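Novice: Please see the structure below; I have some questions.
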4 protein chains.
Amino acid sequence: MILILEPNIATDHPDYQRLMTYLDELEGIEHRVHRVHGAEQVLSEVYLIGNTAALQEDEMGSLPAVERVIRISDAYRILGRHRDDEREAAFTYNGVEFSQDNLHVFAGLCAVDNPQNVERMFQVLQQHGQTCARMGAYKPRTNPYSFQGHGAGCLPYVFELAGKYGIRVIAMEITHDRHIEEIERALESVGNPTGVMLQIGTRNTQNFELLKFAGRQTRFPVLLKRGFGITLEESLNAAEYLATEGNSQVIFCLRGMKTNMGDPHRNFVDFAHVPVVKRLTRMPVCIDPSHSVGSRAASPDRIMDMMHATAQGVISGANMILVDFHPDPKRALVDGPQALTPDEMHLFLEDVAIARDAYERRRELAARHLTAD
Amino acid sequence: MILILEPNIATDHPDYQRLMTYLDELEGIEHRVHRVHGAEQVLSEVYLIGNTAALQEDEMGSLPAVERVIRISDAYRILGRHRDDEREAAFTYNGVEFSQDNLHVFAGLCAVDNPQNVERMFQVLQQHGQTCARMGAYKPRTNPYSFQGHGAGCLPYVFELAGKYGIRVIAMEITHDRHIEEIERALESVGNPTGVMLQIGTRNTQNFELLKFAGRQTRFPVLLKRGFGITLEESLNAAEYLATEGNSQVIFCLRGMKTNMGDPHRNFVDFAHVPVVKRLTRMPVCIDPSHSVGSRAASPDRIMDMMHATAQGVISGANMILVDFHPDPKRALVDGPQALTPDEMHLFLEDVAIARDAYERRRELAARHLTAD
Amino acid sequence: MILILEPNIATDHPDYQRLMTYLDELEGIEHRVHRVHGAEQVLSEVYLIGNTAALQEDEMGSLPAVERVIRISDAYRILGRHRDDEREAAFTYNGVEFSQDNLHVFAGLCAVDNPQNVERMFQVLQQHGQTCARMGAYKPRTNPYSFQGHGAGCLPYVFELAGKYGIRVIAMEITHDRHIEEIERALESVGNPTGVMLQIGTRNTQNFELLKFAGRQTRFPVLLKRGFGITLEESLNAAEYLATEGNSQVIFCLRGMKTNMGDPHRNFVDFAHVPVVKRLTRMPVCIDPSHSVGSRAASPDRIMDMMHATAQGVISGANMILVDFHPDPKRALVDGPQALTPDEMHLFLEDVAIARDAYERRRELAARHLTAD
Amino acid sequence: MILILEPNIATDHPDYQRLMTYLDELEGIEHRVHRVHGAEQVLSEVYLIGNTAALQEDEMGSLPAVERVIRISDAYRILGRHRDDEREAAFTYNGVEFSQDNLHVFAGLCAVDNPQNVERMFQVLQQHGQTCARMGAYKPRTNPYSFQGHGAGCLPYVFELAGKYGIRVIAMEITHDRHIEEIERALESVGNPTGVMLQIGTRNTQNFELLKFAGRQTRFPVLLKRGFGITLEESLNAAEYLATEGNSQVIFCLRGMKTNMGDPHRNFVDFAHVPVVKRLTRMPVCIDPSHSVGSRAASPDRIMDMMHATAQGVISGANMILVDFHPDPKRALVDGPQALTPDEMHLFLEDVAIARDAYERRRELAARHLTAD
């Protein structure tokens, strides 16, 4: 059961205090408070866990400070979208709002190689009005003898350059809890010129210890990639690990599933699940066309498959795109073959804009149709 | 090796005759002539099979009646798109043109139940300006105790009603070669008021005997569905069976892949392969959102997943849509839960139009970008 | 509901006649009689389909000629193993008994190439005391340009040679219903010197039309291979198609599942399903190690993977083995790389005997353990 | 390239010193020494990484202290079995030898619940002459609201009780690097009465940070489970991570693959890969029938599928079995439904013995056959 409290209520408000006292006394019921910072207000939600079947909805709804009550099913208690649950799914980080209703592009380097390329990328992004980017410093690689990323060493210059070019949020993969600390320290060391979204990759989707660490901090939002080899339900449960520990600023990323049935694409593109994740949970949904498709192959209409996949995700409501660009793909240390070039940034963003526009027209059409009924 | 002959050349033209005589004498080389009826002209292609490595391209290109020579790789010899192979992929059947450049909607009953519902569907289609439809008479069912379709018995009234409402092409699944004959006979019996596209389903994708029968006739075009459990390459090879026997009026249909990684969708939607099939072959590409998604579930934007999947296929260039409608889905004998209702026809077609418009804008954008380079 | 009749009852026996009269009058209930020829007696089973919930078990059990009543669940009505259903699963064809309790090896040519090799194989089999064999005459091939088998042409000499060397049953793949007739005709033409088990391959597991044809005849038993890309349940339902039409002399064959998770094996070996099929149905279970593994690779213990897979199937109770041998694997037209040679026949059969002996010891151990409880 | 040094050579031996000096001076070549403690001697292997193509085999073979040179391919450099690489794959830990030639059973609790059940299990194991066990203290669970194991708290009593009943090696899953330290500390705290094999589960197969930590210590051997959703090759590469960091005492565990094609088993049993892993690498191979099969269902021969799967792994040469037992399966906190009971220990071990005996007979048969050639 979730109790939605009155907006902006302070934790020292008498009503809030009385509510907590009441809840403390409920036998067999544990409660956890989540405070969600939206664009305009702070929402407080109280999760009641345990023998909640015995609680009456109207009784709970009449408690002090409580605005509304939602009875939840077992799956995805915190991040899930429950029956009659129209709560907004949005949060603002470092001035950028993330929600199931808008769209952000995170273009950049899969693996940071040198300051020149990092600067070149941020420059190009600024020229195209972008305020988000992706930058990989820690790279998990299948083969132990492959390049594993520059790690903590490159963080300071990446963050400084980001600040210089107005980048507000960088998506960055982490593979161990110490990386969170390293990122925190590097940000401090250069004066917090930008923000970071912690990215947890598909090999660590069920690395529950890492999820718990990322969930225990609330400074950075988390981008969780769908795991391969497991069902969508299991991946969504992994996202719930983050929320259970206290961090519900989570974005869920579709990145294709590993199976030879997706050949010749590197992975089987799963962007038809964009609306499914939005229905089952309140998380914004990201797509990663670069790793899903894994090549620059184009169809006879001269459009790369990668851009077709992007358009497919966007026309069905994707909220974030993670895409590999590189100033010199042939020399990229990782995933060069699939990277777009700075010269293609304009084309890519225009193509995305067409698909987003189509999505918005579709949404209006559906709303009109329902009204007409 | 393929010899593209001069357009509209008659088979009794002296040049044509001389060419055939020459080819008859080539040792170790078999030749097969395919005549493709496009919208405006008849194209003749001669496939040379065997030890073609020894043939010189320029020598062959200078033979009488030969306009152009294409050297082909081993895969998908006839239907494939080979290096520098810009041949159009189009054919016209019963006045309707099918190509990799346009789009047709085939809406209708997954399983014909009674004349009233058939007539109701055709009526609705006519009201919305449609000239194509889907109608299932022979239904392959997993469980031997399930309803198997009305079979040949319903064909005459289906065809008559189609003619009455201006439907020119009906997609209809067949599961045995005798069904081709039954369809032919039923069409004759009522005066050929409409046309039929033979549909071969996913359980028969590698039923090579059935493919050979469908390939040996050229009266009806064939819609081949991708097989589950096999790679895309293997399914495209199955299409080639049709062409090898003489029928290259083939449309390839994506319908999702069976795997629990696609849950909660009935199948794992595979429409990211639309541009792949267009790159590898010259077949128009159909999508089947009804069987891929298998439900009427909608996301919080009020748009059904099924329509999201449709939009995804269309925005990346799909050429045909197979979609289940039913006047009374709850009473449908097969696949009722996923069927749309006649009241939703307008919404569906409008939604498709938005996605198609977006595709066309994307295509123009890509063309402009290339020109600008 | 199944009525098990008194053993060996004749269809003109007054009790049998009275039972039929009674059943004819039951409203909403259809009945089908199956007569199963076991090693020592003829069993008659009457399947009641329709609204059987209303029937009383004891009432039905007291009808004339009825020995026992089994109430069945919906799945696998005829071939299934229902609650308290201890009926034997055995049939005898051309003097060879097939059951869930014994084991037969069907070694031979995946694709018949010439009479010399066929004769050589039969000779070797006879030398090793074998009375069964596999011989492929009709080969379904993924690529339309590959060799498709010699077809009907080779049947007479294959059958004659089989008779000459005492082979009583040949497993032979068919891909179209006309092949049944061709086989029948060829057998007659040479005086029925041997028997044939019709094999339906994995590409045709859900070719329901073919299943119905094979089910309508009862002259030949049928070996049905598991389909790839579908669940075990769906493949077992396909077997039920055969039984529904009247032929319950069906053997179910595991042959591995197509997925790259089985690499480096050609298919993902699924022989852990041997006991599952025996639990869910009463069909004898065959394994096909040659197509599952697809190579002659060996581990450091010098035992080929193919033989390891065979031993795995046998130690858990497999009843039949389909295995490729070829006098000259390098020159085999199909599947040469995986074929064993006649010189390895002794090793193979010895290896199988060790595994079978282990299975029998395990079975005794389990029986002793249960008795001791 | 690997240099195999003379057995038992001390690191302060002058030859060893001279060799190191020589290797230090090789440009572009890094070298790492691995000392492998076998049952009777200490083997030293020097791995040369980098531009080894330029090195001459005979020149390197004549260096001081070098007994033999193996040129390796890129895959699985350390753990792999390279061409003409007949090196033994064995190590001894706490008095127990692990190799590709012998077999150990690790029976026990999937999740430790209380000291009584732990003691009961060890008692039963001792009564049956076992010296190894499995005990789960840290349990990764898909759902964040499920029981996650007792963690570090239960370690001291588990280790003490193990010592009391003569258990020498306990397989224990870890999910974070701090668990290694906790295990080390708990062992010290009770006087090291037993040994631990660190188990890394299928959700962490590609948690490379954890692999690196486990690889950097050499006190405990590591049991790495195959990852689901990735190819066998990728899982073997993960094992190589352990070796790269210095720990080559690695056992590889097959535990079934997640896919609905394995239904009704919990996972698709993959034990046909036992001989494959032994061919590709020098790691002993473990099987986990409990998690693969996931139920106590039995076939009509009264043998549980789980025991059939075990026998399949053992008859093809498995070297270790991880199996769930529980004194009271119905009350087990995790995986109760699949656990065997202490009363079934005798049956299980006897069944394994029959399969192992069959494997040994098969191995002798294969050896005889090769000699006879």
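In the structure tokens, each chain is lettered A, B, ... as it comes, each chain's residues begin at 1, and ligands are numbered from 1 in order of appearance.
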Leaving out Ala272 (chain B) and any residue of its chain fewer than 4 positions from it, which residues lie within 12 Å of it when counting only C-alpha atoms, given as a ChimeraX atom specification?

Specialist: /A:256,261-272,289,292-293,299,304-313 /B:232,254-256,268,276-278,285,287,309-318

Novice: Enumerate as number ranges by chain the residues belonging to chain D that approach chain B to within 10 Å, with only C-alpha atoms taken into account.

Specialist: D: 258-261

Novice: Could you dump the residues just selected with all heavy atoms as a PDB file, in the first residue's frame?

Specialist:
```
ATOM      1  N   LYS D 258      18.528 -20.518 -19.312  1.00  0.00           N
ATOM      2  CA  LYS D 258      17.165 -20.008 -19.174  1.00  0.00           C
ATOM      3  C   LYS D 258      16.514 -19.846 -20.539  1.00  0.00           C
ATOM      4  O   LYS D 258      16.943 -19.012 -21.324  1.00  0.00           O
ATOM      5  CB  LYS D 258      17.219 -18.606 -18.546  1.00  0.00           C
ATOM      6  CG  LYS D 258      17.024 -18.564 -17.062  1.00  0.00           C
ATOM      7  CD  LYS D 258      17.013 -17.121 -16.580  1.00  0.00           C
ATOM      8  CE  LYS D 258      15.642 -16.524 -16.687  1.00  0.00           C
ATOM      9  NZ  LYS D 258      14.744 -16.939 -15.586  1.00  0.00           N
ATOM     10  N   THR D 259      15.524 -20.617 -20.849  1.00  0.00           N
ATOM     11  CA  THR D 259      14.736 -20.438 -22.069  1.00  0.00           C
ATOM     12  C   THR D 259      13.518 -21.336 -21.947  1.00  0.00           C
ATOM     13  O   THR D 259      13.615 -22.434 -21.389  1.00  0.00           O
ATOM     14  CB  THR D 259      15.487 -20.803 -23.370  1.00  0.00           C
ATOM     15  OG1 THR D 259      14.537 -21.231 -24.348  1.00  0.00           O
ATOM     16  CG2 THR D 259      16.493 -21.913 -23.172  1.00  0.00           C
ATOM     17  N   ASN D 260      12.375 -20.873 -22.449  1.00  0.00           N
ATOM     18  CA  ASN D 260      11.173 -21.689 -22.306  1.00  0.00           C
ATOM     19  C   ASN D 260      11.238 -22.959 -23.149  1.00  0.00           C
ATOM     20  O   ASN D 260      10.388 -23.826 -23.008  1.00  0.00           O
ATOM     21  CB  ASN D 260       9.915 -20.867 -22.623  1.00  0.00           C
ATOM     22  CG  ASN D 260       9.916 -20.306 -24.024  1.00  0.00           C
ATOM     23  OD1 ASN D 260      10.943 -20.315 -24.714  1.00  0.00           O
ATOM     24  ND2 ASN D 260       8.780 -19.816 -24.461  1.00  0.00           N
ATOM     25  N   MET D 261      12.252 -23.096 -23.999  1.00  0.00           N
ATOM     26  CA  MET D 261      12.388 -24.333 -24.743  1.00  0.00           C
ATOM     27  C   MET D 261      12.777 -25.492 -23.821  1.00  0.00           C
ATOM     28  O   MET D 261      12.706 -26.644 -24.215  1.00  0.00           O
ATOM     29  CB  MET D 261      13.424 -24.177 -25.851  1.00  0.00           C
ATOM     30  CG  MET D 261      12.951 -23.185 -26.915  1.00  0.00           C
ATOM     31  SD  MET D 261      13.991 -23.180 -28.377  1.00  0.00           S
ATOM     32  CE  MET D 261      15.584 -22.752 -27.649  1.00  0.00           C
TER      33      MET D 261
END
```

Novice: Neighbours of Tyr22 (chain C) within 12 Å (only C-alpha atoms; same-chain residues fewer than 5 positions away dropped), as a PyMOL selection string?

Specialist: chain C and resi 15-17+27+29-31+60+63-65

Novice: Per DSSP on the backbone, what are the strand (DSSP E or B) residues of region 166-199 of chain D, as a list in words?

Specialist: Val169, Ile170, Ala171, Met172, Glu173, Ile174, Gly195, Val196, Met197, Leu198 and Gln199 of chain D

Novice: May I ask for the distance between CA of Glu25 (chain D) and CA of Ile4 (chain D), given in Å to one decimal place?

Specialist: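 According to the coordinates, CA of Glu25 (chain D) and CA of Ile4 (chain D) are separated by 19.2 Å.
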
Novice: If you count only C-alpha atoms, which residues fall within 8 Å of Pro327 (chain C), apart from same-chain ones fewer than 2 positions away, as a ChimeraX atom specification?

Specialist: /C:117,120-121,325,329,341-342

Novice: Write out, as a short mmCIF file (atom, residue, chain, number, x, y, z; two decimals), in the first residue's frame, the residues just selected, with C-alpha atoms.

Specialist:
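out.cif, written as the output of this step:
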```cif
data_model
loop_
_atom_site.label_atom_id
_atom_site.label_comp_id
_atom_site.auth_asym_id
_atom_site.auth_seq_id
_atom_site.Cartn_x
_atom_site.Cartn_y
_atom_site.Cartn_z
CA ASN C 117 26.56 -47.75 -50.19
CA ARG C 120 27.30 -51.94 -47.65
CA MET C 121 25.32 -50.38 -44.79
CA PHE C 325 26.63 -43.98 -40.62
CA PRO C 329 31.58 -39.86 -44.93
CA THR C 341 31.94 -45.18 -40.39
CA PRO C 342 31.17 -48.90 -40.57
#
```

Novice: Could you pull out the alpha helix (DSSP H) residues of region 197-254 of chain C, going by DSSP on the backbone, and write them as number ranges by chain?

Specialist: C: 208-216, 232-244

Novice: I need the chosen residues saved as a compact mmCIF listing (two decimals), in the first residue's frame, with N, CA and C atoms.

Specialist:
```
# COMPACT_ATOMS: atom_id res chain seq x y z
N PHE C 208 0.39 -29.63 -40.26
CA PHE C 208 -0.72 -30.45 -39.78
C PHE C 208 -1.36 -31.27 -40.88
N GLU C 209 -1.33 -30.76 -42.12
CA GLU C 209 -1.93 -31.52 -43.22
C GLU C 209 -1.17 -32.83 -43.42
N LEU C 210 0.15 -32.75 -43.34
CA LEU C 210 0.96 -33.96 -43.49
C LEU C 210 0.69 -34.92 -42.33
N LEU C 211 0.59 -34.35 -41.14
CA LEU C 211 0.31 -35.19 -39.96
C LEU C 211 -1.02 -35.91 -40.11
N LYS C 212 -2.01 -35.19 -40.65
CA LYS C 212 -3.33 -35.83 -40.80
C LYS C 212 -3.27 -36.99 -41.79
N PHE C 213 -2.54 -36.80 -42.89
CA PHE C 213 -2.41 -37.89 -43.84
C PHE C 213 -1.72 -39.10 -43.20
N ALA C 214 -0.63 -38.81 -42.49
CA ALA C 214 0.11 -39.92 -41.86
C ALA C 214 -0.72 -40.57 -40.76
N GLY C 215 -1.63 -39.78 -40.19
CA GLY C 215 -2.47 -40.31 -39.12
C GLY C 215 -3.63 -41.13 -39.64
N ARG C 216 -4.03 -40.85 -40.89
CA ARG C 216 -5.20 -41.56 -41.43
C ARG C 216 -4.86 -42.97 -41.87
N LEU C 232 8.02 -27.83 -26.01
CA LEU C 232 7.83 -29.28 -26.00
C LEU C 232 6.33 -29.59 -26.06
N GLU C 233 5.56 -28.83 -25.33
CA GLU C 233 4.11 -29.04 -25.31
C GLU C 233 3.51 -28.94 -26.71
N GLU C 234 3.96 -27.95 -27.48
CA GLU C 234 3.43 -27.79 -28.83
C GLU C 234 3.82 -28.96 -29.73
N SER C 235 5.01 -29.48 -29.54
CA SER C 235 5.43 -30.63 -30.34
C SER C 235 4.64 -31.88 -29.95
N LEU C 236 4.36 -32.04 -28.68
CA LEU C 236 3.58 -33.20 -28.26
C LEU C 236 2.14 -33.09 -28.77
N ASN C 237 1.63 -31.87 -28.84
CA ASN C 237 0.31 -31.66 -29.43
C ASN C 237 0.31 -32.07 -30.90
N ALA C 238 1.43 -31.84 -31.59
CA ALA C 238 1.52 -32.24 -32.99
C ALA C 238 1.41 -33.75 -33.11
N ALA C 239 2.05 -34.48 -32.18
CA ALA C 239 1.94 -35.95 -32.19
C ALA C 239 0.49 -36.37 -32.03
N GLU C 240 -0.21 -35.64 -31.20
CA GLU C 240 -1.62 -35.95 -30.95
C GLU C 240 -2.45 -35.85 -32.24
N TYR C 241 -2.02 -35.00 -33.20
CA TYR C 241 -2.71 -34.91 -34.50
C TYR C 241 -2.74 -36.28 -35.18
N LEU C 242 -1.61 -36.98 -35.09
CA LEU C 242 -1.54 -38.30 -35.72
C LEU C 242 -2.54 -39.24 -35.09
N ALA C 243 -2.58 -39.22 -33.76
CA ALA C 243 -3.45 -40.13 -33.03
C ALA C 243 -4.92 -39.80 -33.26
N THR C 244 -5.22 -38.51 -33.30
CA THR C 244 -6.59 -38.08 -33.50
C THR C 244 -7.18 -38.65 -34.78
```

Novice: What is the distance between CA of Lys225 (chain B) and CA of Asn319 (chain B), in Å to one decimal?

Specialist: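 That distance, rounded to one decimal, is 14.1 Å.
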
Novice: To one decimal place in Å, what is the distance between CA of Met197 (chain C) and CA of Gly246 (chain C)?

Specialist: 15.9 Å

Novice: Would you mind listing what lies within 9 Å of His179 (chain A) as JSON, numbers by chain, with only C-alpha atoms counted and same-chain residues fewer than 6 positions away left out?

Specialist: {"A": [138, 151, 152]}

Novice: Can those selected residues be exported to a file as an mmCIF file, in the first residue's frame so that it contains N, CA, C and O atoms?

Specialist:
```
data_model
loop_
_atom_site.group_PDB
_atom_site.id
_atom_site.type_symbol
_atom_site.label_atom_id
_atom_site.label_comp_id
_atom_site.auth_asym_id
_atom_site.auth_seq_id
_atom_site.Cartn_x
_atom_site.Cartn_y
_atom_site.Cartn_z
ATOM 1 N N TYR A 138 34.524 3.292 -17.639
ATOM 2 C CA TYR A 138 34.751 1.922 -17.147
ATOM 3 C C TYR A 138 34.054 0.957 -18.111
ATOM 4 O O TYR A 138 32.834 0.939 -18.175
ATOM 5 N N GLY A 151 39.077 4.395 -16.923
ATOM 6 C CA GLY A 151 38.727 4.429 -15.504
ATOM 7 C C GLY A 151 38.799 5.820 -14.897
ATOM 8 O O GLY A 151 38.652 6.837 -15.592
ATOM 9 N N ALA A 152 39.031 5.831 -13.567
ATOM 10 C CA ALA A 152 38.968 7.077 -12.792
ATOM 11 C C ALA A 152 39.876 8.167 -13.355
ATOM 12 O O ALA A 152 39.584 9.370 -13.222
#
```

Novice: Just want the 10 Å neighbourhood of Arg35 (chain B), counted on only C-alpha atoms, with same-chain residues fewer than 6 positions away dropped. Output as a list in words.

Specialist: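 Within the cut-off, the hits are Leu5, Asn8, Val42, Leu43, Ser44, Glu45, Val46, Gly246, Asn247 and Ser248 of chain B.
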
Novice: Which residues are near region 186-190 of chain B? Cut-off 10 Å, only C-alpha atoms, ignore same chain within fewer than 5 positions. Put them as a PyMOL selection string.

Specialist: chain B and resi 152-160+163+180-181+195-196

Novice: Could those selected residues go to a file with C-alpha atoms, as a short mmCIF file (atom, residue, chain, number, x, y, z; two decimals), in the first residue's frame?

Specialist:
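Writing done, so here's out15.cif:
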```cif
data_model
loop_
_atom_site.label_atom_id
_atom_site.label_comp_id
_atom_site.auth_asym_id
_atom_site.auth_seq_id
_atom_site.Cartn_x
_atom_site.Cartn_y
_atom_site.Cartn_z
CA ALA B 152 -13.25 -24.55 -49.07
CA GLY B 153 -16.92 -24.27 -48.15
CA CYS B 154 -16.78 -20.58 -47.36
CA LEU B 155 -14.70 -19.52 -50.36
CA PRO B 156 -17.48 -18.76 -52.88
CA TYR B 157 -19.34 -16.34 -50.64
CA VAL B 158 -16.13 -14.72 -49.43
CA PHE B 159 -15.08 -14.04 -53.02
CA GLU B 160 -18.50 -12.85 -54.14
CA GLY B 163 -16.21 -8.36 -55.44
CA ILE B 180 -4.54 -23.62 -54.29
CA GLU B 181 -6.76 -25.64 -56.57
CA GLY B 195 -7.93 -11.76 -56.46
CA VAL B 196 -6.10 -13.85 -53.90
#
```
